[in-house]
$ cat target15.cif   # mmCIF, C-alpha atoms
data_data
#
loop_
_atom_site.group_PDB
_atom_site.id
_atom_site.type_symbol
_atom_site.label_atom_id
_atom_site.label_comp_id
_atom_site.auth_asym_id
_atom_site.auth_seq_id
_atom_site.Cartn_x
_atom_site.Cartn_y
_atom_site.Cartn_z
ATOM 1 C CA MET A 1 -5.034 337.257 -39.551
ATOM 2 C CA GLN A 2 -4.297 333.736 -38.299
ATOM 3 C CA PHE A 3 -6.694 330.804 -38.138
ATOM 4 C CA LYS A 4 -7.776 329.764 -34.623
ATOM 5 C CA ASP A 5 -8.237 326.062 -33.911
ATOM 6 C CA TYR A 6 -10.932 326.143 -31.248
ATOM 7 C CA TYR A 7 -10.733 322.369 -30.747
ATOM 8 C CA GLN A 8 -7.007 322.590 -30.043
ATOM 9 C CA ILE A 9 -7.579 325.464 -27.604
ATOM 10 C CA MET A 10 -10.149 323.337 -25.731
ATOM 11 C CA GLY A 11 -7.953 320.212 -25.858
ATOM 12 C CA ILE A 12 -10.651 318.057 -27.481
ATOM 13 C CA SER A 13 -11.149 316.122 -30.727
ATOM 14 C CA ARG A 14 -13.308 317.418 -33.565
ATOM 15 C CA ASP A 15 -15.965 314.775 -32.860
ATOM 16 C CA ALA A 16 -16.200 315.647 -29.150
ATOM 17 C CA SER A 17 -19.660 315.485 -27.621
ATOM 18 C CA GLN A 18 -21.323 318.480 -25.995
ATOM 19 C CA GLU A 19 -20.730 316.841 -22.621
ATOM 20 C CA GLU A 20 -16.981 316.590 -23.349
ATOM 21 C CA ILE A 21 -16.928 320.227 -24.455
ATOM 22 C CA LYS A 22 -18.611 321.356 -21.222
ATOM 23 C CA ARG A 23 -16.398 319.133 -19.063
ATOM 24 C CA ASN A 24 -13.167 320.401 -20.648
ATOM 25 C CA TYR A 25 -14.379 323.995 -20.488
ATOM 26 C CA ARG A 26 -14.988 323.741 -16.742
ATOM 27 C CA LYS A 27 -11.579 322.145 -16.187
ATOM 28 C CA LEU A 28 -9.704 324.745 -18.260
ATOM 29 C CA ALA A 29 -11.695 327.669 -16.860
ATOM 30 C CA ARG A 30 -10.694 326.597 -13.342
ATOM 31 C CA LYS A 31 -7.051 326.152 -14.362
ATOM 32 C CA PHE A 32 -6.646 329.512 -16.117
ATOM 33 C CA HIS A 33 -9.079 331.727 -14.222
ATOM 34 C CA PRO A 34 -7.124 334.948 -13.522
ATOM 35 C CA ASP A 35 -8.241 334.931 -9.870
ATOM 36 C CA VAL A 36 -6.644 331.510 -9.328
ATOM 37 C CA SER A 37 -3.997 330.689 -11.919
ATOM 38 C CA LYS A 38 -0.322 331.486 -11.523
ATOM 39 C CA GLU A 39 0.322 330.892 -15.247
ATOM 40 C CA PRO A 40 1.916 333.993 -16.841
ATOM 41 C CA ASP A 41 -0.556 333.946 -19.754
ATOM 42 C CA ALA A 42 -3.622 332.984 -17.683
ATOM 43 C CA GLU A 43 -5.778 335.971 -18.663
ATOM 44 C CA GLU A 44 -5.159 335.533 -22.399
ATOM 45 C CA ARG A 45 -5.731 331.763 -22.212
ATOM 46 C CA PHE A 46 -8.934 332.338 -20.229
ATOM 47 C CA LYS A 47 -10.245 334.654 -22.982
ATOM 48 C CA GLU A 48 -9.322 332.115 -25.693
ATOM 49 C CA ILE A 49 -11.066 329.312 -23.826
ATOM 50 C CA ASN A 50 -14.244 331.363 -23.388
ATOM 51 C CA GLU A 51 -14.248 332.319 -27.061
ATOM 52 C CA ALA A 52 -13.735 328.700 -28.157
ATOM 53 C CA TYR A 53 -16.515 327.560 -25.843
ATOM 54 C CA GLU A 54 -18.949 330.206 -27.170
ATOM 55 C CA VAL A 55 -18.494 328.785 -30.656
ATOM 56 C CA LEU A 56 -18.344 325.046 -29.944
ATOM 57 C CA GLN A 57 -21.173 324.873 -27.396
ATOM 58 C CA ASP A 58 -23.622 326.347 -29.931
ATOM 59 C CA GLU A 59 -24.629 323.834 -32.612
ATOM 60 C CA GLU A 60 -25.148 326.442 -35.354
ATOM 61 C CA ARG A 61 -21.879 328.261 -34.683
ATOM 62 C CA ARG A 62 -20.001 324.985 -34.386
ATOM 63 C CA ALA A 63 -21.378 323.659 -37.670
ATOM 64 C CA ALA A 64 -20.466 326.897 -39.460
ATOM 65 C CA TYR A 65 -16.990 326.879 -37.958
ATOM 66 C CA ASP A 66 -16.467 323.200 -38.890
ATOM 67 C CA ARG A 67 -17.166 324.007 -42.548
ATOM 68 C CA LEU A 68 -14.388 326.594 -42.499
ATOM 69 C CA ALA A 69 -11.968 324.558 -40.375
ATOM 70 C CA SER A 70 -11.758 321.579 -42.725
ATOM 71 C CA GLY A 71 -8.131 321.190 -43.810
ATOM 72 C CA ARG A 72 -6.886 324.239 -41.889
ATOM 73 C CA SER A 73 -4.265 324.396 -39.144
ATOM 74 C CA ALA A 74 -3.872 326.744 -36.204
ATOM 75 C CA GLY A 75 -1.759 329.801 -36.970
ATOM 76 C CA GLU A 76 -1.964 329.670 -40.759
ATOM 77 C CA PRO A 77 -3.018 332.832 -42.647
ATOM 78 C CA PHE A 78 -6.775 333.034 -42.927
ATOM 79 C CA GLN A 79 -9.484 334.961 -44.769
ATOM 80 C CA PRO A 80 -13.102 333.766 -44.903
ATOM 81 C CA PRO A 81 -14.536 332.816 -48.327
ATOM 82 C CA PRO A 82 -16.168 335.659 -50.296
ATOM 83 C CA ASP A 83 -19.605 334.103 -49.888
ATOM 84 C CA TRP A 84 -19.235 333.606 -46.137
ATOM 85 C CA HIS A 85 -22.320 334.573 -44.150
ATOM 86 C CA PHE A 86 -23.595 333.569 -40.743
ATOM 87 C CA GLU A 87 -26.906 334.486 -39.170
ATOM 88 C CA PHE A 88 -27.426 334.431 -35.406
ATOM 89 C CA HIS A 89 -30.587 332.731 -34.178
ATOM 90 C CA GLY A 90 -29.679 332.660 -30.495
ATOM 91 C CA ASP A 91 -28.424 335.281 -28.049
ATOM 92 C CA ILE A 92 -25.358 337.317 -28.877
ATOM 93 C CA PRO A 93 -22.534 336.411 -26.473
ATOM 94 C CA ASP A 94 -22.097 339.200 -23.944
ATOM 95 C CA GLU A 95 -18.311 339.170 -24.456
ATOM 96 C CA ALA A 96 -18.759 339.616 -28.208
ATOM 97 C CA ALA A 97 -21.131 342.516 -27.692
ATOM 98 C CA HIS A 98 -18.456 344.296 -25.658
ATOM 99 C CA GLY A 99 -15.540 343.591 -28.009
ATOM 100 C CA VAL A 100 -13.800 341.037 -25.775
ATOM 101 C CA PHE A 101 -13.467 338.338 -28.420
ATOM 102 C CA SER A 102 -10.691 338.243 -31.027
ATOM 103 C CA ASP A 103 -10.536 339.648 -34.561
ATOM 104 C CA PHE A 104 -10.921 336.074 -35.812
ATOM 105 C CA PHE A 105 -14.296 335.746 -34.057
ATOM 106 C CA GLU A 106 -15.269 339.238 -35.231
ATOM 107 C CA THR A 107 -14.479 338.331 -38.851
ATOM 108 C CA LEU A 108 -16.588 335.172 -38.742
ATOM 109 C CA PHE A 109 -19.538 336.358 -36.686
ATOM 110 C CA GLY A 110 -19.240 340.148 -36.310
ATOM 111 C CA ASP A 111 -21.503 341.167 -39.227
ATOM 112 C CA ALA A 112 -24.299 338.927 -38.007
ATOM 113 C CA MET A 113 -23.819 340.289 -34.512
ATOM 114 C CA ARG A 114 -24.165 343.882 -35.740
ATOM 115 C CA GLU A 115 -27.185 343.011 -37.887
ATOM 116 C CA ARG A 116 -28.984 341.769 -34.824
ATOM 117 C CA GLY A 117 -27.449 344.283 -32.431
ATOM 118 C CA GLY A 118 -30.518 346.526 -32.434
ATOM 119 C CA GLN A 119 -32.755 343.555 -31.755
ATOM 120 C CA HIS A 120 -30.569 342.457 -28.846
ATOM 121 C CA ARG A 121 -29.836 345.825 -27.291
ATOM 122 C CA SER A 122 -32.632 345.460 -24.799
ATOM 123 C CA ALA A 123 -31.765 341.791 -24.252
ATOM 124 C CA ARG A 124 -28.180 342.725 -23.364
ATOM 125 C CA ASN A 125 -29.511 345.077 -20.691
ATOM 126 C CA ARG A 126 -31.607 342.462 -18.973
ATOM 127 C CA PRO A 127 -30.445 341.193 -15.557
ATOM 128 C CA MET A 128 -27.849 338.459 -15.959
ATOM 129 C CA PRO A 129 -26.101 336.224 -13.413
ATOM 130 C CA GLY A 130 -22.578 337.209 -12.402
ATOM 131 C CA GLN A 131 -19.504 335.116 -13.080
ATOM 132 C CA ASP A 132 -18.481 332.300 -10.770
ATOM 133 C CA ARG A 133 -15.088 332.591 -9.102
ATOM 134 C CA HIS A 134 -12.739 329.634 -8.565
ATOM 135 C CA LEU A 135 -10.295 330.021 -5.669
ATOM 136 C CA ARG A 136 -7.983 327.800 -3.651
ATOM 137 C CA LEU A 137 -8.232 327.565 0.117
ATOM 138 C CA GLN A 138 -5.372 326.123 2.171
ATOM 139 C CA ILE A 139 -6.435 324.584 5.475
ATOM 140 C CA ASP A 140 -4.753 322.581 8.217
ATOM 141 C CA LEU A 141 -5.070 318.823 7.901
ATOM 142 C CA GLU A 142 -6.300 318.774 11.502
ATOM 143 C CA LEU A 143 -9.305 320.898 10.483
ATOM 144 C CA ALA A 144 -10.237 318.476 7.703
ATOM 145 C CA TYR A 145 -9.865 315.584 10.152
ATOM 146 C CA ARG A 146 -12.250 316.958 12.770
ATOM 147 C CA GLY A 147 -14.307 319.508 10.777
ATOM 148 C CA GLY A 148 -15.050 323.051 11.921
ATOM 149 C CA MET A 149 -15.121 326.694 10.894
ATOM 150 C CA GLN A 150 -12.480 328.619 8.955
ATOM 151 C CA ALA A 151 -12.397 332.410 8.610
ATOM 152 C CA VAL A 152 -11.613 333.427 5.018
ATOM 153 C CA THR A 153 -10.951 336.954 3.761
ATOM 154 C CA LEU A 154 -12.012 337.446 0.147
ATOM 155 C CA SER A 155 -11.371 340.358 -2.158
ATOM 156 C CA ALA A 156 -14.453 340.568 -4.348
ATOM 157 C CA PRO A 157 -16.027 343.089 -6.744
ATOM 158 C CA GLU A 158 -19.070 345.057 -5.566
ATOM 159 C CA ILE A 159 -21.248 347.610 -7.352
ATOM 160 C CA ASP A 160 -21.677 350.930 -5.536
ATOM 161 C CA ALA A 161 -24.651 353.316 -5.714
ATOM 162 C CA GLN A 162 -23.217 354.990 -8.831
ATOM 163 C CA GLY A 163 -22.894 351.668 -10.660
ATOM 164 C CA ARG A 164 -19.127 351.532 -10.338
ATOM 165 C CA ILE A 165 -17.404 348.213 -9.666
ATOM 166 C CA LEU A 166 -15.102 348.358 -6.636
ATOM 167 C CA ARG A 167 -13.058 345.647 -4.928
ATOM 168 C CA LYS A 168 -13.758 345.190 -1.239
ATOM 169 C CA ASP A 169 -12.477 342.751 1.339
ATOM 170 C CA ARG A 170 -14.984 340.534 3.098
ATOM 171 C CA THR A 171 -14.403 338.007 5.864
ATOM 172 C CA LEU A 172 -16.602 334.910 5.780
ATOM 173 C CA ASN A 173 -16.800 332.008 8.216
ATOM 174 C CA ILE A 174 -16.687 328.862 6.103
ATOM 175 C CA LYS A 175 -17.890 325.511 7.403
ATOM 176 C CA ILE A 176 -15.296 322.833 6.650
ATOM 177 C CA PRO A 177 -17.012 319.414 6.588
ATOM 178 C CA ARG A 178 -15.389 316.651 8.636
ATOM 179 C CA GLY A 179 -13.469 314.346 6.297
ATOM 180 C CA ILE A 180 -13.183 316.749 3.337
ATOM 181 C CA ARG A 181 -10.450 315.625 0.943
ATOM 182 C CA GLU A 182 -7.823 317.640 -0.857
ATOM 183 C CA GLY A 183 -9.109 318.725 -4.274
ATOM 184 C CA GLN A 184 -12.764 318.806 -3.234
ATOM 185 C CA HIS A 185 -14.738 322.044 -3.629
ATOM 186 C CA ILE A 186 -16.907 324.056 -1.277
ATOM 187 C CA ARG A 187 -19.586 326.181 -2.987
ATOM 188 C CA LEU A 188 -20.476 329.580 -1.602
ATOM 189 C CA PRO A 189 -23.745 330.599 -3.304
ATOM 190 C CA ARG A 190 -24.093 334.221 -4.457
ATOM 191 C CA GLN A 191 -20.638 335.230 -3.207
ATOM 192 C CA GLY A 192 -19.046 335.584 -6.665
ATOM 193 C CA SER A 193 -18.971 338.473 -9.119
ATOM 194 C CA PRO A 194 -22.025 340.773 -9.173
ATOM 195 C CA GLY A 195 -24.550 340.214 -11.938
ATOM 196 C CA PRO A 196 -24.769 342.820 -14.727
ATOM 197 C CA HIS A 197 -27.858 345.054 -14.702
ATOM 198 C CA GLY A 198 -28.946 343.922 -11.251
ATOM 199 C CA GLY A 199 -28.690 340.179 -11.902
ATOM 200 C CA PRO A 200 -27.842 337.697 -9.131
ATOM 201 C CA ALA A 201 -24.203 337.341 -8.108
ATOM 202 C CA GLY A 202 -22.289 334.267 -9.192
ATOM 203 C CA ASP A 203 -20.961 331.596 -6.854
ATOM 204 C CA ILE A 204 -17.534 331.049 -5.353
ATOM 205 C CA PHE A 205 -15.989 327.589 -5.572
ATOM 206 C CA LEU A 206 -13.203 326.986 -3.052
ATOM 207 C CA GLU A 207 -10.794 324.184 -3.982
ATOM 208 C CA ILE A 208 -9.427 322.648 -0.796
ATOM 209 C CA ARG A 209 -5.669 322.248 -0.372
ATOM 210 C CA PHE A 210 -3.850 321.058 2.750
ATOM 211 C CA LYS A 211 -1.004 323.035 4.285
ATOM 212 C CA PRO A 212 2.278 321.108 4.627
ATOM 213 C CA HIS A 213 2.481 319.212 7.923
ATOM 214 C CA PRO A 214 5.672 318.126 9.728
ATOM 215 C CA TRP A 215 4.421 314.557 10.346
ATOM 216 C CA PHE A 216 1.294 313.816 8.326
ATOM 217 C CA HIS A 217 0.225 313.902 4.700
ATOM 218 C CA ALA A 218 -3.004 312.769 3.067
ATOM 219 C CA GLU A 219 -3.623 310.658 -0.024
ATOM 220 C CA GLY A 220 -7.349 310.617 -0.687
ATOM 221 C CA ARG A 221 -8.950 309.610 2.622
ATOM 222 C CA ASP A 222 -5.823 307.819 3.871
ATOM 223 C CA ILE A 223 -3.382 309.635 6.143
ATOM 224 C CA TYR A 224 0.315 308.791 6.349
ATOM 225 C CA LEU A 225 2.422 309.373 9.452
ATOM 226 C CA ASP A 226 6.221 309.465 9.313
ATOM 227 C CA LEU A 227 7.049 307.532 12.513
ATOM 228 C CA PRO A 228 10.610 307.493 13.914
ATOM 229 C CA VAL A 229 11.571 304.312 15.835
ATOM 230 C CA ALA A 230 14.727 303.253 17.658
ATOM 231 C CA PRO A 231 16.830 300.370 16.232
ATOM 232 C CA TRP A 232 15.939 298.112 19.199
ATOM 233 C CA GLU A 233 12.210 298.842 18.731
ATOM 234 C CA ALA A 234 12.476 297.804 15.088
ATOM 235 C CA ALA A 235 14.668 294.754 15.776
ATOM 236 C CA LEU A 236 12.937 293.406 18.884
ATOM 237 C CA GLY A 237 9.407 294.700 18.397
ATOM 238 C CA ALA A 238 7.634 297.167 20.644
ATOM 239 C CA VAL A 239 4.363 298.869 21.467
ATOM 240 C CA VAL A 240 4.620 302.619 20.883
ATOM 241 C CA THR A 241 2.215 305.530 21.181
ATOM 242 C CA VAL A 242 1.225 307.473 18.052
ATOM 243 C CA LYS A 243 -1.007 310.519 17.566
ATOM 244 C CA THR A 244 -3.818 311.137 15.095
ATOM 245 C CA PRO A 245 -4.298 314.593 13.522
ATOM 246 C CA ASP A 246 -6.875 315.446 16.216
ATOM 247 C CA ASP A 247 -4.264 314.672 18.920
ATOM 248 C CA ALA A 248 -5.802 311.375 20.036
ATOM 249 C CA ARG A 249 -3.273 308.833 21.382
ATOM 250 C CA LEU A 250 -3.270 305.285 20.000
ATOM 251 C CA GLU A 251 -1.093 302.261 20.700
ATOM 252 C CA LEU A 252 0.711 300.705 17.729
ATOM 253 C CA ARG A 253 2.440 297.338 17.806
ATOM 254 C CA ILE A 254 5.717 297.212 15.878
ATOM 255 C CA PRO A 255 6.561 293.642 14.852
ATOM 256 C CA PRO A 256 10.099 292.306 15.423
ATOM 257 C CA GLY A 257 12.440 292.726 12.478
ATOM 258 C CA SER A 258 10.740 295.845 11.132
ATOM 259 C CA GLN A 259 12.618 298.018 8.638
ATOM 260 C CA THR A 260 12.613 301.639 7.482
ATOM 261 C CA GLY A 261 9.839 302.210 4.941
ATOM 262 C CA GLN A 262 7.572 299.495 6.347
ATOM 263 C CA LYS A 263 3.945 300.650 6.688
ATOM 264 C CA LEU A 264 1.659 299.661 9.553
ATOM 265 C CA ARG A 265 -2.083 300.290 9.244
ATOM 266 C CA LEU A 266 -4.515 301.650 11.787
ATOM 267 C CA LYS A 267 -7.839 300.814 10.150
ATOM 268 C CA GLY A 268 -10.488 303.511 9.972
ATOM 269 C CA LYS A 269 -8.308 306.200 11.568
ATOM 270 C CA GLY A 270 -7.912 308.308 8.426
ATOM 271 C CA LEU A 271 -10.274 310.998 7.155
ATOM 272 C CA ALA A 272 -13.966 310.396 7.872
ATOM 273 C CA GLY A 273 -16.086 308.995 5.052
ATOM 274 C CA ASP A 274 -18.093 306.007 3.923
ATOM 275 C CA PRO A 275 -15.897 304.054 4.295
ATOM 276 C CA PRO A 276 -13.401 306.082 6.332
ATOM 277 C CA GLY A 277 -9.757 306.171 5.342
ATOM 278 C CA ASP A 278 -6.926 304.470 7.205
ATOM 279 C CA LEU A 279 -3.929 305.845 9.085
ATOM 280 C CA TYR A 280 -0.599 304.391 7.938
ATOM 281 C CA ALA A 281 2.506 304.707 10.086
ATOM 282 C CA LYS A 282 5.572 304.628 7.853
ATOM 283 C CA LEU A 283 8.557 303.505 9.928
ATOM 284 C CA ARG A 284 11.860 305.374 9.888
ATOM 285 C CA VAL A 285 14.590 303.704 11.940
ATOM 286 C CA LEU A 286 16.789 306.319 13.618
ATOM 287 C CA ALA A 287 20.133 305.397 15.197
ATOM 288 C CA PRO A 288 21.142 307.314 18.312
ATOM 289 C CA PRO A 289 24.345 309.327 17.864
ATOM 290 C CA ALA A 290 27.623 308.123 19.399
ATOM 291 C CA GLN A 291 28.099 311.291 21.399
ATOM 292 C CA ASP A 292 30.501 310.008 24.063
ATOM 293 C CA GLU A 293 33.055 307.286 24.744
ATOM 294 C CA ARG A 294 30.514 304.970 26.352
ATOM 295 C CA ALA A 295 28.151 305.179 23.368
ATOM 296 C CA ARG A 296 31.033 304.547 20.937
ATOM 297 C CA ALA A 297 32.156 301.536 22.955
ATOM 298 C CA LEU A 298 28.665 300.047 22.883
ATOM 299 C CA TYR A 299 28.481 300.513 19.117
ATOM 300 C CA GLU A 300 31.874 298.785 18.742
ATOM 301 C CA GLN A 301 30.660 295.868 20.857
ATOM 302 C CA LEU A 302 27.503 295.637 18.734
ATOM 303 C CA ALA A 303 29.550 295.615 15.534
ATOM 304 C CA GLN A 304 31.646 292.726 16.872
ATOM 305 C CA ALA A 305 28.696 290.791 18.261
ATOM 306 C CA ILE A 306 26.381 291.050 15.238
ATOM 307 C CA PRO A 307 28.223 290.887 11.896
ATOM 308 C CA PHE A 308 25.964 292.825 9.536
ATOM 309 C CA ASN A 309 26.483 294.179 6.016
ATOM 310 C CA PRO A 310 23.623 296.558 5.128
ATOM 311 C CA ARG A 311 24.836 296.631 1.489
ATOM 312 C CA ALA A 312 24.842 292.875 0.936
ATOM 313 C CA SER A 313 21.783 293.065 -1.331
ATOM 314 C CA MET A 314 23.779 295.396 -3.618
ATOM 315 C CA GLY A 315 26.530 292.806 -4.016
ATOM 316 C CA ILE A 316 29.037 295.012 -2.193
#

$ encode --input "target15.cif" --output "structure tokens"
Amino acid sequence: MQFKDYYQIMGISRDASQEEIKRNYRKLARKFHPDVSKEPDAEERFKEINEAYEVLQDEERRAAYDRLASGRSAGEPFQPPPDWHFEFHGDIPDEAAHGVFSDFFETLFGDAMRERGGQHRSARNRPMPGQDRHLRLQIDLELAYRGGMQAVTLSAPEIDAQGRILRKDRTLNIKIPRGIREGQHIRLPRQGSPGPHGGPAGDIFLEIRFKPHPWFHAEGRDIYLDLPVAPWEAALGAVVTVKTPDDARLELRIPPGSQTGQKLRLKGKGLAGDPPGDLYAKLRVLAPPAQDERARALYEQLAQAIPFNPRASMGI
């Protein structure tokens, strides 16, 4: 049997506070939850993280584990000392009671669990809250900009009259708040996994992601627009019309001598908030193609009239 480094699994130091342990657990549980993660080993990592958390979040279990862990490394051969004994004073983890945890956990805490198993049999049958589910929801940027409703079909477990767990599809209408940012979460109370023994269902947390857009992308509350302009608009200056994600038309003044990559700001026209974000138009100068003799002649005249080396800054 190999030694498990629960601190390494949780990505924390051995002197981590309980708040750090909880914060890292939530982050890792979201990352490796089998309903969300695309990692090939997500289910196994999720089990490891839950096992590590069950030990480290309990002061007695953590202290006992720390005594054993001193000087040991993950993966090295391990057997507990002959005088090893641990006595549970709190609740037995539900996963441990059902054999979900590893042989390493069983070796350290299994005897104590069995000693108290009779005392906790009735406790394990009491109503308990169901697990939360963490999912990603892709929405259009336009919906985040204006707010509105989004129909979402979820496949979720349900308990039938015979106590069997079945997966059924449900369609919910989700309210998308105006100005929601990518990475924020929407909580759906009591829409998660059903609670064991008649307990309340868990929650669903939807992590918002924006679908790719041909013209816009968001960074926080700011929105960036890729704006094509003609060479004469960039060179001479112009007033052009731009659109916001909710299709409103705005006038934008392009200063003379503008270049590709230059950003022009429309204050307060990004995602709603306090304060609201801004809308940035990022200029991209596009040259018209020389499709006929007349266009080629005009380009030749321009080349003669305005000597210009676009690679001068490169020393070429």

$ residues_around --input "target15.cif" --residues "stretch 10-17 of chain A" --least-positions-apart "3" --cutoff "8 Å" --atoms "all atoms listed in the file" --output "PyMOL selection string"
chain A and resi 6-7+20-21+24-25+28+49+52-53

$ atom_distance --input "target15.cif" --atom1 "atom CA of A:Asn173" --atom2 "atom CA of A:His33"
23.7 Å

$ closest_residue --input "target15.cif" --among "A:Leu266, A:Met128, A:Glu142, A:Pro81" --to "A:Gly198" --atoms "only C-alpha atoms"
A:Met128

$ closest_residue --input "target15.cif" --among "A:Glu233, A:Glu300, A:Glu182, A:Glu51" --to "A:Lys4" --atoms "all atoms listed in the file"
A:Glu51

$ residues_near_point --input "target15.cif" --point "(-8.2, 327.4, -15.2)" --cutoff "12 Å" --atoms "only C-alpha atoms" --output "VMD selection string"
chain A and resid 10 24 to 39 41 to 50 133 to 136 207

$ closest_residue --input "target15.cif" --among "A:Gln184, A:Gln301, A:Ser70, A:Thr260" --to "A:Gly220" --atoms "all atoms listed in the file"
A:Gln184

$ atom_distance --input "target15.cif" --atom1 "atom CA of A:Pro288" --atom2 "atom CA of A:Ala235"
14.4 Å

$ atom_distance --input "target15.cif" --atom1 "atom CA of A:Val240" --atom2 "atom CA of A:Ala287"
16.8 Å

$ resolve_selection --input "target15.cif" --expression "the PyMOL selection byres ((chain A and resi 253) around 8)" --output "PyMOL selection string"
chain A and resi 237-240+251-252+254-255

$ write_last_selection --input "target15.cif" --atoms "C-alpha atoms" --output "compact mmCIF listing (two decimals), keeping the file's coordinate frame"
# COMPACT_ATOMS: atom_id res chain seq x y z
CA GLY A 237 9.41 294.70 18.40
CA ALA A 238 7.63 297.17 20.64
CA VAL A 239 4.36 298.87 21.47
CA VAL A 240 4.62 302.62 20.88
CA GLU A 251 -1.09 302.26 20.70
CA LEU A 252 0.71 300.70 17.73
CA ILE A 254 5.72 297.21 15.88
CA PRO A 255 6.56 293.64 14.85

$ closest_residue --input "target15.cif" --among "A:Gly268, A:Pro200, A:Leu286, A:Leu154" --to "A:Pro228" --atoms "all atoms listed in the file"
A:Leu286

$ closest_residue --input "target15.cif" --among "A:Arg72, A:His185, A:Arg265, A:Lys175" --to "A:Lys282" --atoms "all atoms listed in the file"
A:Arg265

$ decode --input "target15.cif" --residues "stretch 196-234 of chain A" --atoms "C-alpha atoms" --output "PDB file, in the first residue's frame"
ATOM      1  CA  PRO A 196     -30.468  10.391   0.532  1.00  0.00           C
ATOM      2  CA  HIS A 197     -33.312   9.065   2.699  1.00  0.00           C
ATOM      3  CA  GLY A 198     -35.694  11.840   1.696  1.00  0.00           C
ATOM      4  CA  GLY A 199     -33.314  14.738   2.359  1.00  0.00           C
ATOM      5  CA  PRO A 200     -33.493  17.996   0.381  1.00  0.00           C
ATOM      6  CA  ALA A 201     -31.941  18.066  -3.084  1.00  0.00           C
ATOM      7  CA  GLY A 202     -28.652  19.863  -3.581  1.00  0.00           C
ATOM      8  CA  ASP A 203     -28.178  22.993  -5.665  1.00  0.00           C
ATOM      9  CA  ILE A 204     -26.975  23.489  -9.215  1.00  0.00           C
ATOM     10  CA  PHE A 205     -24.288  26.089  -9.872  1.00  0.00           C
ATOM     11  CA  LEU A 206     -24.103  27.225 -13.499  1.00  0.00           C
ATOM     12  CA  GLU A 207     -20.768  28.760 -14.517  1.00  0.00           C
ATOM     13  CA  ILE A 208     -21.384  31.287 -17.276  1.00  0.00           C
ATOM     14  CA  ARG A 209     -19.343  31.098 -20.480  1.00  0.00           C
ATOM     15  CA  PHE A 210     -19.827  33.207 -23.609  1.00  0.00           C
ATOM     16  CA  LYS A 211     -20.188  31.643 -27.042  1.00  0.00           C
ATOM     17  CA  PRO A 212     -17.628  32.833 -29.618  1.00  0.00           C
ATOM     18  CA  HIS A 213     -18.805  35.948 -31.463  1.00  0.00           C
ATOM     19  CA  PRO A 214     -17.680  37.097 -34.932  1.00  0.00           C
ATOM     20  CA  TRP A 215     -17.088  40.718 -33.829  1.00  0.00           C
ATOM     21  CA  PHE A 216     -17.156  41.043 -30.047  1.00  0.00           C
ATOM     22  CA  HIS A 217     -15.379  39.514 -27.081  1.00  0.00           C
ATOM     23  CA  ALA A 218     -15.574  40.376 -23.393  1.00  0.00           C
ATOM     24  CA  GLU A 219     -12.845  40.910 -20.813  1.00  0.00           C
ATOM     25  CA  GLY A 220     -14.496  41.367 -17.439  1.00  0.00           C
ATOM     26  CA  ARG A 221     -17.133  44.068 -17.963  1.00  0.00           C
ATOM     27  CA  ASP A 222     -15.333  45.586 -20.964  1.00  0.00           C
ATOM     28  CA  ILE A 223     -16.340  44.578 -24.484  1.00  0.00           C
ATOM     29  CA  TYR A 224     -13.974  44.685 -27.452  1.00  0.00           C
ATOM     30  CA  LEU A 225     -15.132  45.193 -31.031  1.00  0.00           C
ATOM     31  CA  ASP A 226     -12.929  44.311 -34.002  1.00  0.00           C
ATOM     32  CA  LEU A 227     -13.669  47.293 -36.286  1.00  0.00           C
ATOM     33  CA  PRO A 228     -12.567  47.277 -39.951  1.00  0.00           C
ATOM     34  CA  VAL A 229     -11.777  50.730 -41.431  1.00  0.00           C
ATOM     35  CA  ALA A 230     -10.697  51.869 -44.885  1.00  0.00           C
ATOM     36  CA  PRO A 231      -7.164  53.307 -45.359  1.00  0.00           C
ATOM     37  CA  TRP A 232      -8.569  56.799 -46.089  1.00  0.00           C
ATOM     38  CA  GLU A 233     -10.722  56.676 -42.927  1.00  0.00           C
ATOM     39  CA  ALA A 234      -7.636  55.855 -40.872  1.00  0.00           C
TER      40      ALA A 234
END
